[in-house]
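File shown here: query_24.pdb, holding PDB, C-alpha atoms and all ligand atoms.
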ATOM      1  CA  MET A 370       0.000   0.000   0.000  1.00  0.00           C
ATOM      2  CA  SER A 371       1.785   3.169  -1.120  1.00  0.00           C
ATOM      3  CA  MET A 372       1.403   6.150   1.166  1.00  0.00           C
ATOM      4  CA  GLU A 373       0.816   8.646  -1.671  1.00  0.00           C
ATOM      5  CA  LYS A 374      -2.478   7.109  -2.661  1.00  0.00           C
ATOM      6  CA  SER A 375      -5.500   8.417  -0.848  1.00  0.00           C
ATOM      7  CA  LEU A 376      -7.377   6.067   1.438  1.00  0.00           C
ATOM      8  CA  SER A 377     -10.515   6.294  -0.690  1.00  0.00           C
ATOM      9  CA  GLU A 378      -8.612   4.772  -3.623  1.00  0.00           C
ATOM     10  CA  HIS A 379      -7.625   1.764  -1.563  1.00  0.00           C
ATOM     11  CA  THR A 380     -11.077   1.238  -0.216  1.00  0.00           C
ATOM     12  CA  LYS A 381     -12.483   1.076  -3.745  1.00  0.00           C
ATOM     13  CA  ASN A 382     -10.936  -2.361  -4.006  1.00  0.00           C
ATOM     14  CA  ILE A 383     -11.161  -3.694  -0.503  1.00  0.00           C
ATOM     15  CA  LEU A 384     -13.668  -3.204   2.230  1.00  0.00           C
ATOM     16  CA  GLY A 385     -10.861  -2.948   4.743  1.00  0.00           C
ATOM     17  CA  LEU A 386     -13.001  -4.660   7.351  1.00  0.00           C
ATOM     18  CA  GLN A 387     -10.917  -6.790   9.666  1.00  0.00           C
ATOM     19  CA  LEU A 388     -13.361  -9.596  10.323  1.00  0.00           C
ATOM     20  CA  PRO A 389     -15.637 -11.285   7.794  1.00  0.00           C
ATOM     21  CA  THR A 390     -19.211 -12.044   8.807  1.00  0.00           C
ATOM     22  CA  ASP A 391     -19.775 -15.439  10.407  1.00  0.00           C
ATOM     23  CA  PRO A 392     -20.943 -17.723   7.544  1.00  0.00           C
ATOM     24  CA  ARG A 393     -23.839 -18.995   9.696  1.00  0.00           C
ATOM     25  CA  TRP A 394     -25.412 -15.562   9.617  1.00  0.00           C
ATOM     26  CA  VAL A 395     -26.776 -15.829   6.032  1.00  0.00           C
ATOM     27  CA  ASN A 396     -28.713 -19.005   6.834  1.00  0.00           C
ATOM     28  CA  LEU A 397     -30.151 -17.501   9.983  1.00  0.00           C
ATOM     29  CA  ALA A 398     -31.104 -14.325   8.118  1.00  0.00           C
ATOM     30  CA  GLU A 399     -32.908 -16.258   5.404  1.00  0.00           C
ATOM     31  CA  ILE A 400     -35.007 -18.067   8.007  1.00  0.00           C
ATOM     32  CA  GLU A 401     -35.963 -14.748   9.606  1.00  0.00           C
ATOM     33  CA  LEU A 402     -36.616 -12.832   6.411  1.00  0.00           C
ATOM     34  CA  GLU A 403     -39.378 -10.631   7.848  1.00  0.00           C
ATOM     35  CA  GLU A 404     -37.089  -9.514  10.671  1.00  0.00           C
ATOM     36  CA  ILE A 405     -34.235  -8.896   8.254  1.00  0.00           C
ATOM     37  CA  LEU A 406     -36.382  -6.871   5.862  1.00  0.00           C
ATOM     38  CA  THR A 407     -37.754  -4.766   8.715  1.00  0.00           C
ATOM     39  CA  ASP A 408     -34.312  -4.127  10.152  1.00  0.00           C
ATOM     40  CA  HIS A 409     -32.990  -3.406   6.677  1.00  0.00           C
ATOM     41  CA  ALA A 410     -35.819  -0.938   5.988  1.00  0.00           C
ATOM     42  CA  TYR A 411     -34.920   1.019   9.117  1.00  0.00           C
ATOM     43  CA  CYS A 412     -31.214   0.945   8.240  1.00  0.00           C
ATOM     44  CA  GLU A 413     -32.067   2.669   4.963  1.00  0.00           C
ATOM     45  CA  GLN A 414     -34.342   5.132   6.713  1.00  0.00           C
ATOM     46  CA  LYS A 415     -31.633   5.990   9.254  1.00  0.00           C
ATOM     47  CA  ALA A 416     -29.089   6.411   6.460  1.00  0.00           C
ATOM     48  CA  ALA A 417     -31.396   8.980   4.822  1.00  0.00           C
ATOM     49  CA  THR A 418     -32.123  10.890   8.044  1.00  0.00           C
ATOM     50  CA  THR A 419     -28.455  10.874   9.087  1.00  0.00           C
ATOM     51  CA  CYS A 420     -27.464  12.363   5.735  1.00  0.00           C
ATOM     52  CA  ILE A 421     -30.080  15.089   6.185  1.00  0.00           C
ATOM     53  CA  SER A 422     -28.781  15.892   9.650  1.00  0.00           C
ATOM     54  CA  LEU A 423     -25.160  15.916   8.393  1.00  0.00           C
ATOM     55  CA  ILE A 424     -26.185  18.495   5.779  1.00  0.00           C
ATOM     56  CA  GLN A 425     -27.845  20.589   8.496  1.00  0.00           C
ATOM     57  CA  LYS A 426     -24.819  20.385  10.818  1.00  0.00           C
ATOM     58  CA  ASN A 427     -22.263  21.042   8.062  1.00  0.00           C
ATOM     59  CA  SER A 428     -24.100  23.518   5.872  1.00  0.00           C
ATOM     60  CA  GLU A 429     -20.909  25.575   5.363  1.00  0.00           C
ATOM     61  CA  LYS A 430     -19.190  22.617   3.679  1.00  0.00           C
ATOM     62  CA  SER A 431     -20.561  22.977   0.158  1.00  0.00           C
ATOM     63  CA  PHE A 432     -18.785  19.889  -1.237  1.00  0.00           C
ATOM     64  CA  LEU A 433     -20.395  17.788   1.491  1.00  0.00           C
ATOM     65  CA  VAL A 434     -23.831  19.305   0.848  1.00  0.00           C
ATOM     66  CA  ASP A 435     -23.487  18.550  -2.880  1.00  0.00           C
ATOM     67  CA  GLU A 436     -22.345  14.984  -2.263  1.00  0.00           C
ATOM     68  CA  LEU A 437     -24.891  14.065   0.390  1.00  0.00           C
ATOM     69  CA  SER A 438     -28.005  15.608  -1.149  1.00  0.00           C
ATOM     70  CA  PRO A 439     -28.445  12.920  -3.798  1.00  0.00           C
ATOM     71  CA  ILE A 440     -27.606  10.212  -1.242  1.00  0.00           C
ATOM     72  CA  VAL A 441     -30.647  11.220   0.803  1.00  0.00           C
ATOM     73  CA  THR A 442     -32.847  10.517  -2.220  1.00  0.00           C
ATOM     74  CA  GLU A 443     -31.045   7.279  -2.943  1.00  0.00           C
ATOM     75  CA  GLU A 444     -31.326   5.953   0.636  1.00  0.00           C
ATOM     76  CA  TRP A 445     -34.974   6.911   0.776  1.00  0.00           C
ATOM     77  CA  GLY A 446     -35.422   5.049  -2.501  1.00  0.00           C
ATOM     78  CA  HIS A 447     -33.817   2.011  -0.848  1.00  0.00           C
ATOM     79  CA  PHE A 448     -36.231   2.300   2.050  1.00  0.00           C
ATOM     80  CA  ARG A 449     -39.142   2.316  -0.389  1.00  0.00           C
ATOM     81  CA  GLN A 450     -37.776  -0.730  -2.221  1.00  0.00           C
ATOM     82  CA  VAL A 451     -37.555  -2.716   1.001  1.00  0.00           C
ATOM     83  CA  LEU A 452     -41.007  -1.514   2.027  1.00  0.00           C
ATOM     84  CA  ALA A 453     -42.410  -2.684  -1.322  1.00  0.00           C
ATOM     85  CA  GLU A 454     -40.773  -6.070  -0.806  1.00  0.00           C
ATOM     86  CA  LEU A 455     -42.444  -6.404   2.607  1.00  0.00           C
ATOM     87  CA  LYS A 456     -45.808  -5.454   1.124  1.00  0.00           C
ATOM     88  CA  LYS A 457     -45.455  -7.930  -1.711  1.00  0.00           C
ATOM     89  CA  ARG A 458     -44.975 -10.677   0.839  1.00  0.00           C
ATOM     90  CA  ASN A 459     -47.836  -9.469   3.022  1.00  0.00           C
ATOM     91  CA  LEU A 460     -45.377  -8.689   5.795  1.00  0.00           C
ATOM     92  CA  GLN A 461     -45.533  -5.784   8.225  1.00  0.00           C
ATOM     93  CA  LEU A 462     -42.901  -3.073   8.523  1.00  0.00           C
ATOM     94  CA  GLY A 463     -43.198  -3.294  12.281  1.00  0.00           C
ATOM     95  CA  ARG A 464     -41.464  -1.180  14.883  1.00  0.00           C
ATOM     96  CA  GLN A 465     -37.905  -0.031  14.716  1.00  0.00           C
ATOM     97  CA  ARG A 466     -35.549  -2.489  16.464  1.00  0.00           C
ATOM     98  CA  LYS A 467     -32.824  -1.593  18.888  1.00  0.00           C
ATOM     99  CA  ASP A 468     -29.629  -1.092  16.907  1.00  0.00           C
ATOM    100  CA  VAL A 469     -26.963  -2.579  19.182  1.00  0.00           C
ATOM    101  CA  TYR A 470     -24.255  -2.415  16.513  1.00  0.00           C
ATOM    102  CA  VAL A 471     -24.688   1.277  15.757  1.00  0.00           C
ATOM    103  CA  ASN A 472     -25.064   2.154  19.444  1.00  0.00           C
ATOM    104  CA  LYS A 473     -21.765   0.419  20.214  1.00  0.00           C
ATOM    105  CA  LEU A 474     -20.103   2.296  17.368  1.00  0.00           C
ATOM    106  CA  ILE A 475     -21.426   5.580  18.748  1.00  0.00           C
ATOM    107  CA  ASP A 476     -19.683   4.703  22.050  1.00  0.00           C
ATOM    108  CA  PHE A 477     -16.368   4.916  20.189  1.00  0.00           C
ATOM    109  CA  GLN A 478     -17.082   8.336  18.674  1.00  0.00           C
ATOM    110  CA  VAL A 479     -14.978  11.140  20.126  1.00  0.00           C
ATOM    111  CA  LYS A 480     -16.824  12.988  22.886  1.00  0.00           C
ATOM    112  CA  GLY A 481     -15.831  16.624  23.148  1.00  0.00           C
ATOM    113  CA  GLY A 482     -12.726  17.010  20.997  1.00  0.00           C
ATOM    114  CA  SER A 483     -12.223  19.651  18.304  1.00  0.00           C
ATOM    115  CA  PRO A 484     -14.823  20.318  15.586  1.00  0.00           C
ATOM    116  CA  ASP A 485     -12.490  18.595  13.091  1.00  0.00           C
ATOM    117  CA  GLU A 486     -12.174  15.508  15.288  1.00  0.00           C
ATOM    118  CA  ARG A 487     -15.912  15.299  15.692  1.00  0.00           C
ATOM    119  CA  PHE A 488     -16.458  15.801  11.974  1.00  0.00           C
ATOM    120  CA  LEU A 489     -13.916  13.113  11.132  1.00  0.00           C
ATOM    121  CA  ASP A 490     -15.673  10.594  13.374  1.00  0.00           C
ATOM    122  CA  GLN A 491     -19.053  11.496  11.879  1.00  0.00           C
ATOM    123  CA  MET A 492     -17.682  10.623   8.435  1.00  0.00           C
ATOM    124  CA  LEU A 493     -15.862   7.487   9.560  1.00  0.00           C
ATOM    125  CA  ILE A 494     -18.749   6.003  11.525  1.00  0.00           C
ATOM    126  CA  MET A 495     -20.907   6.388   8.411  1.00  0.00           C
ATOM    127  CA  ALA A 496     -18.178   4.884   6.227  1.00  0.00           C
ATOM    128  CA  LEU A 497     -17.957   1.919   8.572  1.00  0.00           C
ATOM    129  CA  ILE A 498     -21.701   1.301   8.739  1.00  0.00           C
ATOM    130  CA  GLU A 499     -21.889   1.484   4.945  1.00  0.00           C
ATOM    131  CA  ALA A 500     -18.892  -0.832   4.587  1.00  0.00           C
ATOM    132  CA  ARG A 501     -20.305  -3.440   6.958  1.00  0.00           C
ATOM    133  CA  SER A 502     -23.748  -3.170   5.343  1.00  0.00           C
ATOM    134  CA  CYS A 503     -22.103  -3.653   1.969  1.00  0.00           C
ATOM    135  CA  GLU A 504     -20.297  -6.744   3.263  1.00  0.00           C
ATOM    136  CA  ARG A 505     -23.528  -8.145   4.739  1.00  0.00           C
ATOM    137  CA  PHE A 506     -25.456  -7.526   1.497  1.00  0.00           C
ATOM    138  CA  LYS A 507     -22.647  -9.233  -0.382  1.00  0.00           C
ATOM    139  CA  ARG A 508     -23.033 -12.271   1.890  1.00  0.00           C
ATOM    140  CA  LEU A 509     -26.776 -12.323   1.262  1.00  0.00           C
ATOM    141  CA  SER A 510     -26.321 -11.860  -2.485  1.00  0.00           C
ATOM    142  CA  GLU A 511     -23.968 -14.833  -2.582  1.00  0.00           C
ATOM    143  CA  GLY A 512     -25.352 -17.143   0.057  1.00  0.00           C
ATOM    144  CA  MET A 513     -29.143 -16.999   0.007  1.00  0.00           C
ATOM    145  CA  GLU A 514     -31.057 -19.986  -1.353  1.00  0.00           C
ATOM    146  CA  ASP A 515     -33.598 -17.832  -3.176  1.00  0.00           C
ATOM    147  CA  ALA A 516     -32.242 -16.542  -6.514  1.00  0.00           C
ATOM    148  CA  TYR A 517     -34.596 -13.556  -6.493  1.00  0.00           C
ATOM    149  CA  MET A 518     -33.335 -12.468  -3.080  1.00  0.00           C
ATOM    150  CA  ARG A 519     -29.720 -12.941  -4.138  1.00  0.00           C
ATOM    151  CA  LYS A 520     -30.353 -10.492  -6.989  1.00  0.00           C
ATOM    152  CA  PHE A 521     -32.296  -8.159  -4.680  1.00  0.00           C
ATOM    153  CA  TYR A 522     -29.336  -7.882  -2.322  1.00  0.00           C
ATOM    154  CA  ARG A 523     -26.768  -7.589  -5.071  1.00  0.00           C
ATOM    155  CA  LYS A 524     -28.226  -4.187  -6.042  1.00  0.00           C
ATOM    156  CA  PHE A 525     -28.013  -2.933  -2.461  1.00  0.00           C
ATOM    157  CA  MET A 526     -24.462  -4.196  -2.161  1.00  0.00           C
ATOM    158  CA  GLU A 527     -23.411  -2.167  -5.179  1.00  0.00           C
ATOM    159  CA  SER A 528     -24.928   1.090  -3.875  1.00  0.00           C
ATOM    160  CA  GLU A 529     -23.460   0.754  -0.406  1.00  0.00           C
ATOM    161  CA  ALA A 530     -20.012   0.132  -1.887  1.00  0.00           C
ATOM    162  CA  GLY A 531     -20.227   3.567  -3.498  1.00  0.00           C
ATOM    163  CA  HIS A 532     -21.423   5.135  -0.257  1.00  0.00           C
ATOM    164  CA  TYR A 533     -18.673   4.003   2.050  1.00  0.00           C
ATOM    165  CA  THR A 534     -16.076   5.198  -0.443  1.00  0.00           C
ATOM    166  CA  MET A 535     -17.838   8.548  -0.596  1.00  0.00           C
ATOM    167  CA  PHE A 536     -17.718   9.059   3.193  1.00  0.00           C
ATOM    168  CA  ILE A 537     -13.982   8.300   3.249  1.00  0.00           C
ATOM    169  CA  ASN A 538     -13.620  10.729   0.363  1.00  0.00           C
ATOM    170  CA  LEU A 539     -15.492  13.428   2.264  1.00  0.00           C
ATOM    171  CA  ALA A 540     -13.257  12.898   5.302  1.00  0.00           C
ATOM    172  CA  GLU A 541     -10.164  13.250   3.097  1.00  0.00           C
ATOM    173  CA  HIS A 542     -11.542  16.338   1.412  1.00  0.00           C
ATOM    174  CA  TYR A 543     -11.682  18.241   4.707  1.00  0.00           C
ATOM    175  CA  ILE A 544      -9.124  16.516   6.955  1.00  0.00           C
ATOM    176  CA  ASP A 545      -5.431  15.687   6.473  1.00  0.00           C
ATOM    177  CA  LYS A 546      -5.164  12.263   4.812  1.00  0.00           C
ATOM    178  CA  LYS A 547      -2.653  10.982   7.363  1.00  0.00           C
ATOM    179  CA  ILE A 548      -4.995  11.799  10.221  1.00  0.00           C
ATOM    180  CA  VAL A 549      -7.894  10.147   8.366  1.00  0.00           C
ATOM    181  CA  ARG A 550      -5.874   6.986   7.766  1.00  0.00           C
ATOM    182  CA  LYS A 551      -4.779   6.732  11.390  1.00  0.00           C
ATOM    183  CA  ARG A 552      -8.259   7.187  12.780  1.00  0.00           C
ATOM    184  CA  TRP A 553      -9.804   4.816  10.191  1.00  0.00           C
ATOM    185  CA  LYS A 554      -7.380   2.108  11.359  1.00  0.00           C
ATOM    186  CA  ALA A 555      -8.536   2.650  14.932  1.00  0.00           C
ATOM    187  CA  TRP A 556     -12.177   2.380  13.826  1.00  0.00           C
ATOM    188  CA  LEU A 557     -11.491  -0.843  11.941  1.00  0.00           C
ATOM    189  CA  GLU A 558      -9.806  -2.329  15.016  1.00  0.00           C
ATOM    190  CA  TYR A 559     -12.664  -1.304  17.256  1.00  0.00           C
ATOM    191  CA  GLU A 560     -15.223  -2.732  14.850  1.00  0.00           C
ATOM    192  CA  LYS A 561     -13.340  -6.009  14.677  1.00  0.00           C
ATOM    193  CA  GLU A 562     -13.549  -6.372  18.467  1.00  0.00           C
ATOM    194  CA  LEU A 563     -17.206  -5.425  18.351  1.00  0.00           C
ATOM    195  CA  MET A 564     -17.966  -8.085  15.726  1.00  0.00           C
ATOM    196  CA  ASN A 565     -15.940 -10.640  17.646  1.00  0.00           C
ATOM    197  CA  SER A 566     -17.850 -10.077  20.850  1.00  0.00           C
ATOM    198  CA  SER A 567     -21.349  -9.885  19.286  1.00  0.00           C
ATOM    199  CA  GLU A 568     -23.634 -12.891  19.062  1.00  0.00           C
ATOM    200  CA  VAL A 569     -24.557 -14.114  15.572  1.00  0.00           C
ATOM    201  CA  ARG A 570     -28.242 -13.394  15.115  1.00  0.00           C
ATOM    202  CA  GLY A 571     -30.279 -13.684  11.963  1.00  0.00           C
ATOM    203  CA  ASP A 572     -32.818 -10.990  12.802  1.00  0.00           C
ATOM    204  CA  ARG A 573     -30.481  -8.041  12.246  1.00  0.00           C
ATOM    205  CA  ILE A 574     -28.548  -6.679   9.301  1.00  0.00           C
ATOM    206  CA  HIS A 575     -25.600  -5.933  11.644  1.00  0.00           C
TER     207      HIS A 575
HETATM  208 FE    FE A 601     -28.840   2.260   1.227  1.00  0.00          FE
HETATM  209 FE    FE A 602     -25.873   3.682   1.996  1.00  0.00          FE
END
Show me the file's structure as structure tokens.
Amino acid sequence: MSMEKSLSEHTKNILGLQLPTDPRWVNLAEIELEEILTDHAYCEQKAATTCISLIQKNSEKSFLVDELSPIVTEEWGHFRQVLAELKKRNLQLGRQRKDVYVNKLIDFQVKGGSPDERFLDQMLIMALIEARSCERFKRLSEGMEDAYMRKFYRKFMESEAGHYTMFINLAEHYIDKKIVRKRWKAWLEYEKELMNSSEVRGDRIH
């Protein structure tokens, strides 16, 4: 890995995640499809609302506003696709589930710190959630029994791959690349421990 290249270039090829998803997860997820679709729907909804709030909090960063505005539409479109899939199967959206994974990631976010440090963590936590979602969708797109569902998840996998790269890109646009790289490594380490210590359950995307 040459140091001159920006981190976003590297992450185009590799997810960078330190621990692959437990192979048992796909089978569990397929059994609990209603739960997975509901959790997935809310993941998309949260992605859209988080992008809106990032635009509100960073309105002076015009590059960020330009990049995130279309993502809001895209994530909301994803939400609607998952909702349509639930409807088609006569399944209920149901209530939002507790998001243990994201809550544990939030624990690692810098508290206090400088505005730049807080901004960097806001970008990196999003990059990580997108990267892990992308990895999970990849697992589903490769491992599900149902060919239709494999195709369904392949499309989501492709979008999320673009998103996690974009958040790294945004971080590197505003923050020194060396600082971004160092902090991203710390996030990847933390996420590895988190994945290692979490139970494998088929009713959640993460
Ligand atoms: Fe999405
Ligand atoms: Fe996304």
Contact table chain A vs ligand FE 602 (chain A), cut-off 7 Å, shortest pair per residue, all atoms listed in the file, as JSON lines:
{"residue": "A:Glu413", "atom": "CA", "partner": "A:FE602", "partner_atom": "FE", "distance": 6.9}
{"residue": "A:Ala416", "atom": "CA", "partner": "A:FE602", "partner_atom": "FE", "distance": 6.1}
{"residue": "A:Glu444", "atom": "CA", "partner": "A:FE602", "partner_atom": "FE", "distance": 6.1}
{"residue": "A:Glu499", "atom": "CA", "partner": "A:FE602", "partner_atom": "FE", "distance": 5.4}
{"residue": "A:Ser528", "atom": "CA", "partner": "A:FE602", "partner_atom": "FE", "distance": 6.5}
{"residue": "A:Glu529", "atom": "CA", "partner": "A:FE602", "partner_atom": "FE", "distance": 4.5}
{"residue": "A:His532", "atom": "CA", "partner": "A:FE602", "partner_atom": "FE", "distance": 5.2}
Do you know which residues the PyMOL selection byres (((chain A and resi 506-510) around 10) and not hetatm) returns on this file, as a ChimeraX atom specification? /A:389-392,394-396,398-399,500-505,511-527,529-530,574
Find the distance between atom CA of Phe488 of chain A and atom CA of Gln465 of chain A and write it in Å to one decimal.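 Spanning atom CA of Phe488 of chain A to atom CA of Gln465 of chain A is a straight-line distance of 26.8 Å.
Using all atoms listed in the file for every distance, the candidate list A:Gln491, A:Gly531, A:Lys480, A:Glu560 yields A:Gly531 as the residue closest to Ile440 of chain A.
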Need the shell around Ala417 of chain A: protein/DNA/RNA residues with any atom at most 12 Å away, counting all atoms listed in the file. Skip same-chain ones fewer than 3 positions apart. Format as an mmCIF file with C-alpha atoms, in the frame of the given file?
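Produced file around.cif, reproduced below:
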data_model
loop_
_atom_site.group_PDB
_atom_site.id
_atom_site.type_symbol
_atom_site.label_atom_id
_atom_site.label_comp_id
_atom_site.auth_asym_id
_atom_site.auth_seq_id
_atom_site.Cartn_x
_atom_site.Cartn_y
_atom_site.Cartn_z
ATOM 1 C CA ALA A 410 -35.819 -0.938 5.988
ATOM 2 C CA TYR A 411 -34.920 1.019 9.117
ATOM 3 C CA CYS A 412 -31.214 0.945 8.240
ATOM 4 C CA GLU A 413 -32.067 2.669 4.963
ATOM 5 C CA GLN A 414 -34.342 5.132 6.713
ATOM 6 C CA CYS A 420 -27.464 12.363 5.735
ATOM 7 C CA ILE A 421 -30.080 15.089 6.185
ATOM 8 C CA SER A 422 -28.781 15.892 9.650
ATOM 9 C CA LEU A 423 -25.160 15.916 8.393
ATOM 10 C CA ILE A 424 -26.185 18.495 5.779
ATOM 11 C CA LEU A 437 -24.891 14.065 0.390
ATOM 12 C CA SER A 438 -28.005 15.608 -1.149
ATOM 13 C CA PRO A 439 -28.445 12.920 -3.798
ATOM 14 C CA ILE A 440 -27.606 10.212 -1.242
ATOM 15 C CA VAL A 441 -30.647 11.220 0.803
ATOM 16 C CA THR A 442 -32.847 10.517 -2.220
ATOM 17 C CA GLU A 443 -31.045 7.279 -2.943
ATOM 18 C CA GLU A 444 -31.326 5.953 0.636
ATOM 19 C CA TRP A 445 -34.974 6.911 0.776
ATOM 20 C CA GLY A 446 -35.422 5.049 -2.501
ATOM 21 C CA HIS A 447 -33.817 2.011 -0.848
ATOM 22 C CA PHE A 448 -36.231 2.300 2.050
ATOM 23 C CA ARG A 449 -39.142 2.316 -0.389
ATOM 24 C CA MET A 495 -20.907 6.388 8.411
ATOM 25 C CA HIS A 532 -21.423 5.135 -0.257
#
Evaluate the PyMOL selection byres (((chain A and resi 485) around 12) and not hetatm) here and jot the selected residues down as a ChimeraX atom specification. /A:427,479,481-484,486-492,540-545,548-549
Best match for closeness to Leu455 of chain A among A:Val469, A:Ile475, A:Leu406, A:Ile494, counting all atoms listed in the file: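 The shortest atom-to-atom distance to Leu455 of chain A comes from A:Leu406.
Take the candidates A:Asn459, A:Gly385, A:Ile498, A:His575 and check each one against ligand FE 601 (chain A) using all atoms listed in the file; the shortest distance goes to A:Ile498.
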Between A:Leu397, A:Val434, A:Val451, A:Leu386, which has the minimum distance to Trp553 of chain A (counting all atoms listed in the file)?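 Of A:Leu397, A:Val434, A:Val451, A:Leu386, the one nearest Trp553 of chain A is A:Leu386, counting all atoms listed in the file.
Pairwise distance (atom CA of Asp572 of chain A, atom CA of Glu404 of chain A) equals 5.0 Å.
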Need the shell around Tyr470 of chain A: protein/DNA/RNA residues with any atom at most 8 Å away, counting only C-alpha atoms. Skip same-chain ones fewer than 3 positions apart. Format as an NGL selection string? :A and (473-474 or 563 or 575)
Take the selection from the previous step and output its residues with C-alpha atoms, as an mmCIF file, in the frame of the given file.
data_model
loop_
_atom_site.group_PDB
_atom_site.id
_atom_site.type_symbol
_atom_site.label_atom_id
_atom_site.label_comp_id
_atom_site.auth_asym_id
_atom_site.auth_seq_id
_atom_site.Cartn_x
_atom_site.Cartn_y
_atom_site.Cartn_z
ATOM 1 C CA LYS A 473 -21.765 0.419 20.214
ATOM 2 C CA LEU A 474 -20.103 2.296 17.368
ATOM 3 C CA LEU A 563 -17.206 -5.425 18.351
ATOM 4 C CA HIS A 575 -25.600 -5.933 11.644
#
Using the file's own x, y and z axes, so that the box edges lie along x, y and z, what centre and edge lengths in Å (one decimal) does a box around every listed atom of segment 501-515 of chain A get when 6 Å is added on each side? Give it as JSON.
{"center_x": -26.9, "center_y": -11.6, "center_z": 1.9, "size_x": 25.3, "size_y": 28.8, "size_z": 22.1}
Atom pair atom CA of Lys554 of chain A / atom CA of Lys467 of chain A: separation (Å):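 Separating atom CA of Lys554 of chain A from atom CA of Lys467 of chain A is a distance of 26.8 Å.
Restricting the calculation to all atoms listed in the file, the smallest distance between ligand FE 601 (chain A) and any of A:Gln461, A:Thr418, A:Asp476, A:Lys546 is found for A:Thr418.
With all atoms listed in the file as the basis for measurement, A:Leu462 is the residue among A:Ile537, A:Leu462, A:Leu493, A:Met564 that approaches Glu403 of chain A most closely.
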